[in-house]
Amino acid sequence: MRPTILFPLFGSISSLRGIGPRLAPLYKRLCGEHIVDLLWHLPVGVVDRSYSPQLKYAEKDRIVTLTLTVKEHNPPRKRGLPYRIVLADDTSQVVINYFNVKGDYLTKLYPAKKKVVVSGFLERYRANWSMSHPDYVLPPERAADIPRFEPVYPMTEGIGSKMLRKTIEQALAKLPGLPEWHDPHLMMREKWPKWKEALLAAHTPAAPLNEDGDTQRNFIRRLAYDELLADQLALAVIRRHYREGGGRPLPGTGVLQKKLIASLPFQFTNGQRASISEISADMKVPKRMLRLLQGDVGSGKTIVALVAMLQAVESGVQAALMAPTEILAKQHHARLSGFLAPLGIDIGLLVGKSRGGDQQAVIEKLADGSLKLVVGTHALFQDDVTFKDLGLAVVDEQHRFGVNQRLQLSDKGRGVDILVMTATPIPRTLTLTAYGDMDVSRLSDKPAGRQAIDTRLIDMGRLDEVIEGVKRQIAKGARAYWVCPLVEESETSDLAAVTERANLLAGRLGKGNVGLVHGQMPTDAKDRVMAAFASGEIKVLVATTVIEVGVDVSQATLMIVEHAERFGLAQLHQLRGRVGRSAEKSNCLLMYHGPLGEMAKARLKMLRETEDGFRIAEEDLRLRGPGELLGKKQSGQQEFRMADLSRHQDLLGMAADDAKLILTRDPKLDDARGQALRILLYLFERDAAVPLLRAG
């Protein structure tokens with residue numbers, strides 16, 4: 001249960017003044033539904049209203065705050081014209097313009113012959129000063145209500161900037177004085193303020209951010225470190241819980257593994273051998289394994305996982321492989337069945353919520369232990385699925401499952417070893433935050449016989465040439481992906497809609513040769529189209545990025561990506577990885593609409609230079625930051641609200657080291673600093689770790 005000192009911060013935003021049923025959903029979309037979410041919604045800039053010149057000496061095109069006398073009102077003579085008010089100081093005059101104002105609002109706001117203080121954007125219109133819809137208009141006695149330096153927040157439609165600032169001010173008024181969780185020596189060395197002081201200062205800058213950079217950075221770095229420490233501390237607790245709690249050795253005999261290796265038509269790469277050795281060593285000790293198998297596209301993760309699953313079977317327990325989608329689960333099942341056939345071992349398949357005859361039979365065999373291996377979706381971990389003795393859980397495409405879901409996996413067995421896999425190359429910095437509770441194995445080399453993918457950049461103006469090239473290739477039996485970024489026409493975008501492109505290609509290549517998949521299609525419909533593509537019934541698969549991960553058609557040798565300049569590096573690399581999965585020569589055409597910006601040029605140049613996913617991921621982090629790289633909003637991963645991993649990598653390393661040291665000195669976080677750190681965990685909603693502290 002959350003500490004009582006934090007109760008005010010975790011109240012609903014709708015409990016604040018002025019936030020009713022209409023506004024509450026807008027705030028939820030903008031930042032979240034709790035008051036604490038407003039605290040993490042930091043300014044992205046500052047409006048400087050301190051410039052207060054006389055009009056004669058003012059600079060144009062900047063924000064000014066002026067004390068002026070109202071000279072005259074000029075209402076519009078016909079519709080569509082502005083309402084003009086003339087104001088002046090001792091040196092010149094300015095015309096204030098308003099559009100679509102009704103009633104006597106302006107005559108009250110600008111009383112004739114009286115002085116007012118006006119703050120807004122001053123510009124020149126012909127030879128005269130002009131200002132439209134000032135941000136502030138107040139009588140001189142209330143001039144202090146105009147902030148000299150006004151924070152600028154990320155916005156959403158339906159919430160005005162002044163309303164948002166007032167709401168955040170209400171949230172800041174609820175800040176409690178929390179006990180300090182940082183070591184005093186660290187605070188002194190980094191010159192960090194206390195938490196409450198830092199948060200207040202971050203929301204009320206005393207100067208433009210670029211002029212007071214050091215001070216502002218200190219506030220933000222303090223808050224970023226708080227969040228990173230909470231994250232690393234939670235991951236360290238989870239790691240300790242898994243590694244030290246209730247494991248059992250699964251040594252295997254090597255019999256099934258040797259049979260499998262002897263039956264394979266290929267040799268393992270050095271990376272595969274090293275990863276198999278690391279995983280096997282983990283499974284042999286009486287501690288629970290929690291390991292990440294990180295491999296680039298086509299690096300051979302699945303066969304490594306199968307060797308581990310066979311070690312589990314040799315040890316007398318069951319093993320399960322969970323995939324994020326039905327189609328990926330079915331692909332894994334088909335591939336693993338082929339590998340296991342020479343060994344005479346069955347592997348079950350469990351997908352979806354339906355419980356037909358085949359599915360029910362799998363459930364019964366898992367319960368009585370007669371089925372040792374199974375592949376499935378989340379259906380594997382539903383309440384009505386029980387295992388006789390689950391010893392190893394393999395999770396594919398781990399970036400789609402969050403830390404809290406990892407905590408639930410062991411509920412299906414006793415001391416379950418966990419191996420998670422991702423085909424998304426992740427920089428080492430982000431690996432520490434996303435998978436800091438795990439040991440990491442990397443597959444950095446491709447299986448023998450794979451050819452380099454020929455990657456080329458082609459202007460969208462050559463679309464007809466590309467279509468003709470595809471036509472020639474499919475006539476020779478090739479299969480191609482054609483990726484578009486949108487599903488339907490948008491008035492604000494010139495990107496080709498995937499449905500429109502599919503129709504065009506069907507007309508040019510033959511209707512029976514072209515299939516279409518996108519995210520808005522029902523799962524069954526997508527599976528049918530993808531199955532037709534895998535079998536060769538369809539030659540060209542037109543798609544959105546739903547094919548980015550988990551579609552494996554080794555016969556596909558051509559990838560076309562439209563408007564490649566709009567995609568991130570890592571995403572383009574994942575798309576390219578759908579081809580080049582056999583010994584056949586593959587090509588990737590990145591079509592762009594020029595002229596290209598500098599960042600787009602850098603991304604596309606990098607793709608031409610290398611197929612090393614880890615090098616590409618590091619460059620993507622440098623160019624774009626971490627958010628899009630992990631896709632955290634869609635994945636269940638914890639999204640960082642204060643920390644920016646592209647700027648705070650040094651803080652991340654400090655936080656990881658500090659978390660380990662803290663738990664070494666105070667394993668249950670029982671002393672004074674430990675209790676403060678528990679508050680920190682709750683504050684940043686890493687509270688899944690707290691019950692594990694109590695459990696030891």
# chains A, B, ... in the order shown; residues from 1 in each chain; ligands from 1
$ select_by_dssp --residues "region 252-356 of chain A" --states "strand (DSSP E or B)" --output "PyMOL selection string"
chain A and resi 290-295+318-322+348-350
$ residues_around --residues "Arg273 (chain A)" --least-positions-apart "4" --cutoff "12 Å" --atoms "only C-alpha atoms" --output "PyMOL selection string"
chain A and resi 261+267-269+277-280+300-301+303-305+307-308+441-445+447
$ write_last_selection --atoms "all heavy atoms" --output "compact mmCIF listing (two decimals), in the first residue's frame"
# COMPACT_ATOMS: atom_id res chain seq x y z
N ILE A 261 21.67 -31.51 -32.70
CA ILE A 261 22.82 -30.89 -33.39
C ILE A 261 23.29 -31.77 -34.54
O ILE A 261 23.63 -31.29 -35.62
CB ILE A 261 23.95 -30.62 -32.38
CG1 ILE A 261 23.51 -29.54 -31.38
CG2 ILE A 261 25.23 -30.20 -33.09
CD1 ILE A 261 24.42 -29.39 -30.17
N GLN A 267 26.00 -25.51 -39.37
CA GLN A 267 26.84 -25.41 -38.17
C GLN A 267 26.43 -24.18 -37.37
O GLN A 267 26.03 -23.16 -37.93
CB GLN A 267 28.32 -25.28 -38.58
CG GLN A 267 28.86 -26.47 -39.36
CD GLN A 267 28.97 -27.72 -38.49
OE1 GLN A 267 29.44 -27.66 -37.36
NE2 GLN A 267 28.53 -28.86 -39.03
N PHE A 268 26.55 -24.27 -36.06
CA PHE A 268 26.29 -23.10 -35.22
C PHE A 268 27.36 -22.03 -35.45
O PHE A 268 28.53 -22.35 -35.71
CB PHE A 268 26.29 -23.47 -33.73
CG PHE A 268 25.06 -24.22 -33.30
CD1 PHE A 268 25.17 -25.31 -32.44
CD2 PHE A 268 23.81 -23.83 -33.72
CE1 PHE A 268 24.05 -26.00 -32.02
CE2 PHE A 268 22.67 -24.52 -33.31
CZ PHE A 268 22.79 -25.61 -32.47
N THR A 269 26.96 -20.77 -35.32
CA THR A 269 27.92 -19.67 -35.36
C THR A 269 28.63 -19.59 -34.01
O THR A 269 28.20 -20.20 -33.02
CB THR A 269 27.22 -18.34 -35.64
OG1 THR A 269 26.35 -18.02 -34.53
CG2 THR A 269 26.40 -18.39 -36.92
N SER A 277 26.20 -22.03 -24.40
CA SER A 277 27.03 -22.34 -23.23
C SER A 277 26.60 -21.51 -22.02
O SER A 277 26.49 -22.04 -20.90
CB SER A 277 28.50 -22.08 -23.56
OG SER A 277 29.32 -22.29 -22.44
N GLU A 278 26.34 -20.22 -22.22
CA GLU A 278 25.92 -19.34 -21.11
C GLU A 278 24.57 -19.76 -20.55
O GLU A 278 24.37 -19.81 -19.32
CB GLU A 278 25.85 -17.89 -21.61
CG GLU A 278 27.22 -17.28 -21.91
CD GLU A 278 27.13 -15.99 -22.72
OE1 GLU A 278 26.02 -15.65 -23.19
OE2 GLU A 278 28.17 -15.33 -22.88
N ILE A 279 23.62 -20.07 -21.43
CA ILE A 279 22.29 -20.47 -20.99
C ILE A 279 22.35 -21.80 -20.25
O ILE A 279 21.75 -21.98 -19.19
CB ILE A 279 21.33 -20.55 -22.20
CG1 ILE A 279 21.11 -19.16 -22.80
CG2 ILE A 279 19.99 -21.16 -21.80
CD1 ILE A 279 20.49 -19.17 -24.19
N SER A 280 23.11 -22.74 -20.79
CA SER A 280 23.24 -24.06 -20.17
C SER A 280 23.84 -23.95 -18.77
O SER A 280 23.38 -24.60 -17.82
CB SER A 280 24.10 -24.96 -21.05
OG SER A 280 24.26 -26.23 -20.45
N GLY A 300 19.59 -16.43 -35.66
CA GLY A 300 19.43 -17.81 -35.21
C GLY A 300 19.10 -17.96 -33.74
O GLY A 300 19.60 -18.88 -33.07
N LYS A 301 18.24 -17.09 -33.20
CA LYS A 301 17.86 -17.18 -31.78
C LYS A 301 17.01 -18.41 -31.49
O LYS A 301 17.13 -19.04 -30.45
CB LYS A 301 17.09 -15.92 -31.35
CG LYS A 301 17.89 -14.64 -31.41
CD LYS A 301 17.06 -13.45 -30.98
CE LYS A 301 15.85 -13.22 -31.87
NZ LYS A 301 16.20 -12.97 -33.28
N ILE A 303 16.83 -21.49 -32.68
CA ILE A 303 17.49 -22.78 -32.48
C ILE A 303 18.26 -22.80 -31.16
O ILE A 303 18.35 -23.84 -30.49
CB ILE A 303 18.41 -23.12 -33.68
CG1 ILE A 303 18.85 -24.58 -33.64
CG2 ILE A 303 19.61 -22.19 -33.75
CD1 ILE A 303 17.70 -25.56 -33.85
N VAL A 304 18.78 -21.64 -30.74
CA VAL A 304 19.44 -21.55 -29.43
C VAL A 304 18.42 -21.83 -28.32
O VAL A 304 18.69 -22.57 -27.37
CB VAL A 304 20.08 -20.16 -29.24
CG1 VAL A 304 20.59 -19.98 -27.81
CG2 VAL A 304 21.23 -19.96 -30.23
N ALA A 305 17.23 -21.23 -28.47
CA ALA A 305 16.17 -21.45 -27.48
C ALA A 305 15.75 -22.92 -27.45
O ALA A 305 15.49 -23.48 -26.37
CB ALA A 305 14.97 -20.56 -27.79
N VAL A 307 17.59 -25.58 -28.07
CA VAL A 307 18.60 -26.35 -27.34
C VAL A 307 18.35 -26.24 -25.84
O VAL A 307 18.42 -27.24 -25.10
CB VAL A 307 20.02 -25.86 -27.70
CG1 VAL A 307 21.06 -26.55 -26.81
CG2 VAL A 307 20.33 -26.14 -29.16
N ALA A 308 18.03 -25.01 -25.36
CA ALA A 308 17.73 -24.82 -23.94
C ALA A 308 16.48 -25.59 -23.53
O ALA A 308 16.43 -26.21 -22.45
CB ALA A 308 17.55 -23.33 -23.64
N SER A 441 22.89 -12.30 -23.24
CA SER A 441 23.67 -12.99 -24.27
C SER A 441 23.36 -12.32 -25.60
O SER A 441 22.21 -11.98 -25.88
CB SER A 441 23.30 -14.48 -24.36
OG SER A 441 23.67 -15.15 -23.17
N ARG A 442 24.40 -12.15 -26.43
CA ARG A 442 24.22 -11.48 -27.71
C ARG A 442 24.64 -12.37 -28.87
O ARG A 442 25.70 -13.00 -28.83
CB ARG A 442 25.04 -10.18 -27.78
CG ARG A 442 24.37 -8.98 -27.16
CD ARG A 442 25.11 -7.71 -27.54
NE ARG A 442 24.36 -6.52 -27.16
CZ ARG A 442 24.62 -5.30 -27.61
NH1 ARG A 442 25.62 -5.11 -28.45
NH2 ARG A 442 23.90 -4.27 -27.22
N LEU A 443 23.83 -12.37 -29.91
CA LEU A 443 24.19 -13.02 -31.18
C LEU A 443 24.47 -11.91 -32.18
O LEU A 443 23.55 -11.24 -32.64
CB LEU A 443 23.04 -13.90 -31.69
CG LEU A 443 22.59 -15.05 -30.79
CD1 LEU A 443 21.40 -15.77 -31.42
CD2 LEU A 443 23.73 -16.01 -30.55
N SER A 444 25.72 -11.73 -32.51
CA SER A 444 26.08 -10.62 -33.38
C SER A 444 26.49 -11.06 -34.78
O SER A 444 26.73 -10.23 -35.65
CB SER A 444 27.22 -9.80 -32.76
OG SER A 444 28.32 -10.62 -32.45
N ASP A 445 26.55 -12.39 -35.01
CA ASP A 445 26.93 -12.87 -36.34
C ASP A 445 25.77 -13.63 -36.98
O ASP A 445 24.92 -14.19 -36.29
CB ASP A 445 28.17 -13.77 -36.27
CG ASP A 445 28.14 -14.72 -35.08
OD1 ASP A 445 27.10 -14.81 -34.41
OD2 ASP A 445 29.17 -15.37 -34.80
N PRO A 447 24.08 -16.62 -39.53
CA PRO A 447 24.40 -17.99 -39.94
C PRO A 447 25.15 -18.02 -41.26
O PRO A 447 24.97 -17.14 -42.12
CB PRO A 447 23.01 -18.63 -40.08
CG PRO A 447 22.12 -17.82 -39.18
CD PRO A 447 22.65 -16.43 -39.25
$ residues_around --residues "region 36-50 of chain A" --least-positions-apart "6" --cutoff "6 Å" --atoms "only C-alpha atoms" --output "list in words"
Leu9, Phe10, Val64, Thr65, Arg148, Phe149, Glu150, Pro151, Val152, Tyr153, Ile168, Pro208 and Arg641 of chain A
$ write_last_selection --atoms "all heavy atoms" --output "short mmCIF file (atom, residue, chain, number, x, y, z; two decimals), in the first residue's frame"
data_model
loop_
_atom_site.label_atom_id
_atom_site.label_comp_id
_atom_site.auth_asym_id
_atom_site.auth_seq_id
_atom_site.Cartn_x
_atom_site.Cartn_y
_atom_site.Cartn_z
N LEU A 9 -0.72 13.15 -3.84
CA LEU A 9 -0.18 13.18 -5.20
C LEU A 9 -0.83 12.14 -6.11
O LEU A 9 -0.81 12.30 -7.33
CB LEU A 9 1.34 12.94 -5.17
CG LEU A 9 2.17 13.98 -4.42
CD1 LEU A 9 3.65 13.68 -4.57
CD2 LEU A 9 1.86 15.38 -4.91
N PHE A 10 -1.39 11.09 -5.53
CA PHE A 10 -2.00 10.05 -6.35
C PHE A 10 -3.52 10.16 -6.41
O PHE A 10 -4.20 9.23 -6.83
CB PHE A 10 -1.54 8.68 -5.89
CG PHE A 10 -0.14 8.36 -6.34
CD1 PHE A 10 0.95 8.70 -5.56
CD2 PHE A 10 0.09 7.77 -7.57
CE1 PHE A 10 2.25 8.44 -5.98
CE2 PHE A 10 1.39 7.51 -8.00
CZ PHE A 10 2.47 7.84 -7.21
N VAL A 64 6.96 41.34 -25.82
CA VAL A 64 7.20 42.54 -25.02
C VAL A 64 6.13 42.65 -23.95
O VAL A 64 5.04 42.07 -24.07
CB VAL A 64 7.18 43.83 -25.89
CG1 VAL A 64 8.30 43.81 -26.92
CG2 VAL A 64 5.83 44.01 -26.56
N THR A 65 6.43 43.38 -22.89
CA THR A 65 5.44 43.74 -21.87
C THR A 65 5.47 45.26 -21.74
O THR A 65 6.50 45.83 -21.36
CB THR A 65 5.76 43.06 -20.52
OG1 THR A 65 5.78 41.64 -20.70
CG2 THR A 65 4.72 43.42 -19.48
N ARG A 148 7.50 37.07 -15.42
CA ARG A 148 8.63 37.54 -16.23
C ARG A 148 9.11 36.42 -17.15
O ARG A 148 9.46 36.66 -18.30
CB ARG A 148 9.77 37.99 -15.31
CG ARG A 148 9.56 39.36 -14.68
CD ARG A 148 10.62 39.63 -13.61
NE ARG A 148 11.99 39.53 -14.10
CZ ARG A 148 12.63 40.50 -14.76
NH1 ARG A 148 12.02 41.63 -15.04
NH2 ARG A 148 13.89 40.33 -15.14
N PHE A 149 9.15 35.20 -16.60
CA PHE A 149 9.58 34.05 -17.39
C PHE A 149 8.51 32.98 -17.25
O PHE A 149 8.32 32.42 -16.18
CB PHE A 149 10.94 33.54 -16.92
CG PHE A 149 12.00 34.60 -16.98
CD1 PHE A 149 12.44 35.22 -15.82
CD2 PHE A 149 12.52 35.00 -18.19
CE1 PHE A 149 13.40 36.21 -15.87
CE2 PHE A 149 13.49 35.99 -18.25
CZ PHE A 149 13.93 36.60 -17.09
N GLU A 150 7.82 32.70 -18.34
CA GLU A 150 6.63 31.84 -18.31
C GLU A 150 6.94 30.48 -18.91
O GLU A 150 7.40 30.40 -20.07
CB GLU A 150 5.52 32.53 -19.10
CG GLU A 150 4.19 31.82 -19.04
CD GLU A 150 3.11 32.64 -19.73
OE1 GLU A 150 3.42 33.33 -20.74
OE2 GLU A 150 1.98 32.59 -19.27
N PRO A 151 6.71 29.39 -18.16
CA PRO A 151 7.00 28.06 -18.71
C PRO A 151 6.07 27.71 -19.87
O PRO A 151 4.89 28.08 -19.87
CB PRO A 151 6.77 27.13 -17.52
CG PRO A 151 5.85 27.88 -16.61
CD PRO A 151 6.17 29.34 -16.79
N VAL A 152 6.62 27.01 -20.86
CA VAL A 152 5.84 26.55 -22.00
C VAL A 152 5.77 25.02 -21.93
O VAL A 152 6.81 24.35 -21.92
CB VAL A 152 6.49 26.98 -23.34
CG1 VAL A 152 5.69 26.43 -24.52
CG2 VAL A 152 6.59 28.49 -23.41
N TYR A 153 4.55 24.49 -21.87
CA TYR A 153 4.35 23.05 -21.68
C TYR A 153 3.91 22.38 -22.98
O TYR A 153 3.28 23.01 -23.83
CB TYR A 153 3.27 22.81 -20.62
CG TYR A 153 3.68 23.20 -19.23
CD1 TYR A 153 3.33 24.44 -18.70
CD2 TYR A 153 4.42 22.32 -18.43
CE1 TYR A 153 3.70 24.79 -17.41
CE2 TYR A 153 4.79 22.67 -17.14
CZ TYR A 153 4.43 23.90 -16.64
OH TYR A 153 4.81 24.26 -15.37
N ILE A 168 -1.39 22.90 -13.09
CA ILE A 168 -0.10 22.44 -12.57
C ILE A 168 0.26 23.18 -11.28
O ILE A 168 0.82 22.58 -10.35
CB ILE A 168 0.99 22.60 -13.65
CG1 ILE A 168 0.77 21.59 -14.77
CG2 ILE A 168 2.39 22.42 -13.05
CD1 ILE A 168 1.71 21.71 -15.94
N PRO A 208 15.34 32.47 -18.98
CA PRO A 208 15.26 31.57 -20.14
C PRO A 208 16.20 30.38 -19.96
O PRO A 208 17.28 30.52 -19.39
CB PRO A 208 15.71 32.46 -21.31
CG PRO A 208 15.43 33.85 -20.85
CD PRO A 208 15.67 33.85 -19.37
N ARG A 641 9.76 9.73 -17.56
CA ARG A 641 9.08 11.02 -17.62
C ARG A 641 10.06 12.17 -17.42
O ARG A 641 9.87 13.26 -17.94
CB ARG A 641 7.99 11.09 -16.51
CG ARG A 641 7.04 9.91 -16.52
CD ARG A 641 6.13 9.93 -17.73
NE ARG A 641 5.20 11.02 -17.70
CZ ARG A 641 4.00 10.98 -17.10
NH1 ARG A 641 3.62 9.88 -16.48
NH2 ARG A 641 3.19 12.00 -17.12
#
$ select_by_dssp --residues "region 208-354 of chain A" --states "helix (DSSP H, G or I)" --output "ChimeraX atom specification"
/A:213-244,255-263,270-284,301-314,326-343
$ residues_around --residues "Gln54 (chain A)" --least-positions-apart "6" --cutoff "9 Å" --atoms "only C-alpha atoms" --output "list in words"
Leu66, Thr67, Asp89, Asp90, Thr91 and Ser92 of chain A
$ residues_around --residues "region 673-683 of chain A" --least-positions-apart "3" --cutoff "8 Å" --atoms "only C-alpha atoms" --output "list in words"
Arg2, Pro3, Leu6, Leu178, Pro179, Glu180, Trp181, His182, Asp226, Ala230, Asp231, Ala234, Asp666, Lys668, Leu669, Asp670, Arg686, Asp687, Ala689 and Val690 of chain A
$ write_last_selection --atoms "N, CA, C and O atoms" --output "short mmCIF file (atom, residue, chain, number, x, y, z; two decimals), in the first residue's frame"
data_model
loop_
_atom_site.label_atom_id
_atom_site.label_comp_id
_atom_site.auth_asym_id
_atom_site.auth_seq_id
_atom_site.Cartn_x
_atom_site.Cartn_y
_atom_site.Cartn_z
N ARG A 2 0.49 2.22 -0.78
CA ARG A 2 1.28 3.44 -0.93
C ARG A 2 1.37 4.20 0.40
O ARG A 2 0.39 4.29 1.14
N PRO A 3 2.53 4.77 0.73
CA PRO A 3 2.66 5.55 1.98
C PRO A 3 1.67 6.72 2.01
O PRO A 3 1.42 7.35 0.98
N LEU A 6 2.14 10.14 0.33
CA LEU A 6 1.98 10.30 -1.12
C LEU A 6 0.52 10.34 -1.57
O LEU A 6 0.24 10.55 -2.75
N LEU A 178 9.29 15.47 1.33
CA LEU A 178 9.64 14.05 1.45
C LEU A 178 11.03 13.89 2.05
O LEU A 178 11.90 14.75 1.86
N PRO A 179 11.25 12.79 2.76
CA PRO A 179 12.60 12.54 3.31
C PRO A 179 13.60 12.35 2.17
O PRO A 179 13.25 11.84 1.11
N GLU A 180 14.86 12.76 2.40
CA GLU A 180 15.88 12.67 1.36
C GLU A 180 16.35 11.24 1.21
O GLU A 180 16.69 10.57 2.18
N TRP A 181 16.36 10.74 -0.03
CA TRP A 181 16.79 9.37 -0.28
C TRP A 181 18.21 9.30 -0.84
O TRP A 181 18.74 8.21 -1.02
N HIS A 182 18.82 10.42 -1.16
CA HIS A 182 20.17 10.40 -1.70
C HIS A 182 21.22 10.57 -0.60
O HIS A 182 20.97 11.22 0.43
N ASP A 226 16.61 10.79 -9.81
CA ASP A 226 15.59 10.18 -8.95
C ASP A 226 14.88 9.06 -9.70
O ASP A 226 14.71 7.95 -9.19
N ALA A 230 15.15 4.99 -9.06
CA ALA A 230 13.96 4.18 -8.77
C ALA A 230 13.89 2.99 -9.71
O ALA A 230 13.59 1.86 -9.31
N ASP A 231 14.17 3.23 -11.00
CA ASP A 231 14.10 2.17 -12.00
C ASP A 231 15.16 1.10 -11.74
O ASP A 231 14.85 -0.10 -11.73
N ALA A 234 14.45 -0.94 -8.55
CA ALA A 234 13.39 -1.93 -8.76
C ALA A 234 13.91 -3.12 -9.55
O ALA A 234 13.63 -4.28 -9.20
N ASP A 666 21.72 -2.58 2.70
CA ASP A 666 20.41 -2.64 3.36
C ASP A 666 19.46 -3.45 2.49
O ASP A 666 18.63 -2.90 1.78
N LYS A 668 16.75 -5.14 2.73
CA LYS A 668 15.30 -5.01 2.81
C LYS A 668 14.84 -3.55 2.82
O LYS A 668 13.65 -3.26 2.96
N LEU A 669 15.79 -2.62 2.66
CA LEU A 669 15.49 -1.17 2.73
C LEU A 669 14.73 -0.85 4.02
O LEU A 669 13.64 -0.27 4.01
N ASP A 670 15.34 -1.23 5.14
CA ASP A 670 14.70 -1.04 6.44
C ASP A 670 15.19 0.18 7.20
O ASP A 670 14.48 0.69 8.06
N ARG A 686 7.29 2.26 -9.30
CA ARG A 686 8.04 0.99 -9.43
C ARG A 686 7.69 0.11 -8.23
O ARG A 686 8.52 -0.60 -7.68
N ASP A 687 6.43 0.17 -7.81
CA ASP A 687 6.03 -0.47 -6.56
C ASP A 687 5.94 -1.99 -6.66
O ASP A 687 5.77 -2.67 -5.65
N ALA A 689 8.28 -3.86 -6.99
CA ALA A 689 9.46 -4.38 -6.29
C ALA A 689 9.27 -4.43 -4.78
O ALA A 689 9.95 -5.21 -4.10
N VAL A 690 8.35 -3.63 -4.24
CA VAL A 690 8.25 -3.51 -2.78
C VAL A 690 7.85 -4.82 -2.11
O VAL A 690 8.45 -5.22 -1.10
#
$ atom_distance --atom1 "CA of Thr544 (chain A)" --atom2 "CA of Ala564 (chain A)"
12.3 Å
$ residues_around --residues "Met606 (chain A)" --least-positions-apart "5" --cutoff "10 Å" --atoms "only C-alpha atoms" --output "ChimeraX atom specification"
/A:569,600-601,611-612,615-616,619-620
$ write_last_selection --atoms "all heavy atoms" --output "short mmCIF file (atom, residue, chain, number, x, y, z; two decimals), in the first residue's frame"
data_model
loop_
_atom_site.label_atom_id
_atom_site.label_comp_id
_atom_site.auth_asym_id
_atom_site.auth_seq_id
_atom_site.Cartn_x
_atom_site.Cartn_y
_atom_site.Cartn_z
N LEU A 569 15.75 4.58 -38.00
CA LEU A 569 16.79 3.65 -38.43
C LEU A 569 16.50 2.22 -38.00
O LEU A 569 16.57 1.29 -38.80
CB LEU A 569 18.13 4.09 -37.83
CG LEU A 569 19.15 4.75 -38.74
CD1 LEU A 569 20.37 5.14 -37.94
CD2 LEU A 569 19.56 3.79 -39.86
N ALA A 600 17.52 12.67 -42.14
CA ALA A 600 17.08 11.60 -43.04
C ALA A 600 18.26 11.10 -43.87
O ALA A 600 18.42 9.89 -44.08
CB ALA A 600 15.96 12.09 -43.94
N LYS A 601 19.11 12.02 -44.34
CA LYS A 601 20.30 11.62 -45.10
C LYS A 601 21.21 10.74 -44.25
O LYS A 601 21.73 9.72 -44.73
CB LYS A 601 21.08 12.86 -45.56
CG LYS A 601 20.46 13.61 -46.71
CD LYS A 601 21.33 14.82 -47.07
CE LYS A 601 20.70 15.64 -48.19
NZ LYS A 601 21.49 16.86 -48.48
N GLU A 611 24.89 -3.61 -42.12
CA GLU A 611 23.76 -4.43 -41.70
C GLU A 611 23.88 -4.80 -40.22
O GLU A 611 23.12 -5.62 -39.72
CB GLU A 611 23.68 -5.70 -42.54
CG GLU A 611 23.26 -5.47 -43.98
CD GLU A 611 23.11 -6.76 -44.75
OE1 GLU A 611 22.48 -7.70 -44.22
OE2 GLU A 611 23.63 -6.85 -45.88
N ASP A 612 24.85 -4.20 -39.54
CA ASP A 612 25.07 -4.47 -38.11
C ASP A 612 23.98 -3.76 -37.30
O ASP A 612 24.01 -2.55 -37.12
CB ASP A 612 26.46 -3.97 -37.71
CG ASP A 612 26.78 -4.28 -36.25
OD1 ASP A 612 25.84 -4.56 -35.47
OD2 ASP A 612 27.97 -4.22 -35.88
N ARG A 615 25.15 -1.57 -34.28
CA ARG A 615 25.71 -0.27 -34.68
C ARG A 615 24.59 0.68 -35.11
O ARG A 615 24.59 1.87 -34.77
CB ARG A 615 26.70 -0.47 -35.83
CG ARG A 615 27.35 0.83 -36.29
CD ARG A 615 28.27 0.59 -37.48
NE ARG A 615 28.63 1.84 -38.12
CZ ARG A 615 29.14 1.94 -39.33
NH1 ARG A 615 29.35 0.84 -40.05
NH2 ARG A 615 29.43 3.11 -39.85
N ILE A 616 23.62 0.15 -35.84
CA ILE A 616 22.47 0.96 -36.28
C ILE A 616 21.67 1.45 -35.08
O ILE A 616 21.24 2.60 -35.04
CB ILE A 616 21.59 0.13 -37.24
CG1 ILE A 616 22.29 0.01 -38.60
CG2 ILE A 616 20.22 0.75 -37.41
CD1 ILE A 616 21.63 -0.97 -39.55
N GLU A 619 23.34 4.38 -33.39
CA GLU A 619 23.18 5.59 -34.17
C GLU A 619 21.75 6.12 -34.07
O GLU A 619 21.52 7.33 -34.00
CB GLU A 619 23.53 5.31 -35.64
CG GLU A 619 23.41 6.51 -36.57
CD GLU A 619 24.45 7.61 -36.29
OE1 GLU A 619 25.35 7.38 -35.45
OE2 GLU A 619 24.35 8.68 -36.90
N ASP A 620 20.77 5.22 -34.03
CA ASP A 620 19.38 5.63 -33.90
C ASP A 620 19.14 6.32 -32.56
O ASP A 620 18.40 7.30 -32.47
CB ASP A 620 18.46 4.42 -34.04
CG ASP A 620 17.09 4.78 -34.59
OD1 ASP A 620 16.98 5.84 -35.24
OD2 ASP A 620 16.14 4.02 -34.38
#
$ atom_distance --atom1 "CA of Leu607 (chain A)" --atom2 "CA of Ile453 (chain A)"
10.5 Å
$ closest_residue --among "A:Ala655, A:Leu30, A:Ala478, A:Val137" --to "Glu227 (chain A)" --atoms "only C-alpha atoms"
A:Ala655
$ closest_residue --among "A:Leu186, A:Leu692, A:Ile418, A:Ala24" --to "Pro667 (chain A)" --atoms "only C-alpha atoms"
A:Leu692
$ closest_residue --among "A:Ile467, A:Ala341, A:Ala320, A:Met421" --to "Leu293 (chain A)" --atoms "only C-alpha atoms"
A:Met421
$ closest_residue --among "A:Leu223, A:Gly338, A:Leu164, A:Ile63" --to "Leu264 (chain A)" --atoms "only C-alpha atoms"
A:Gly338
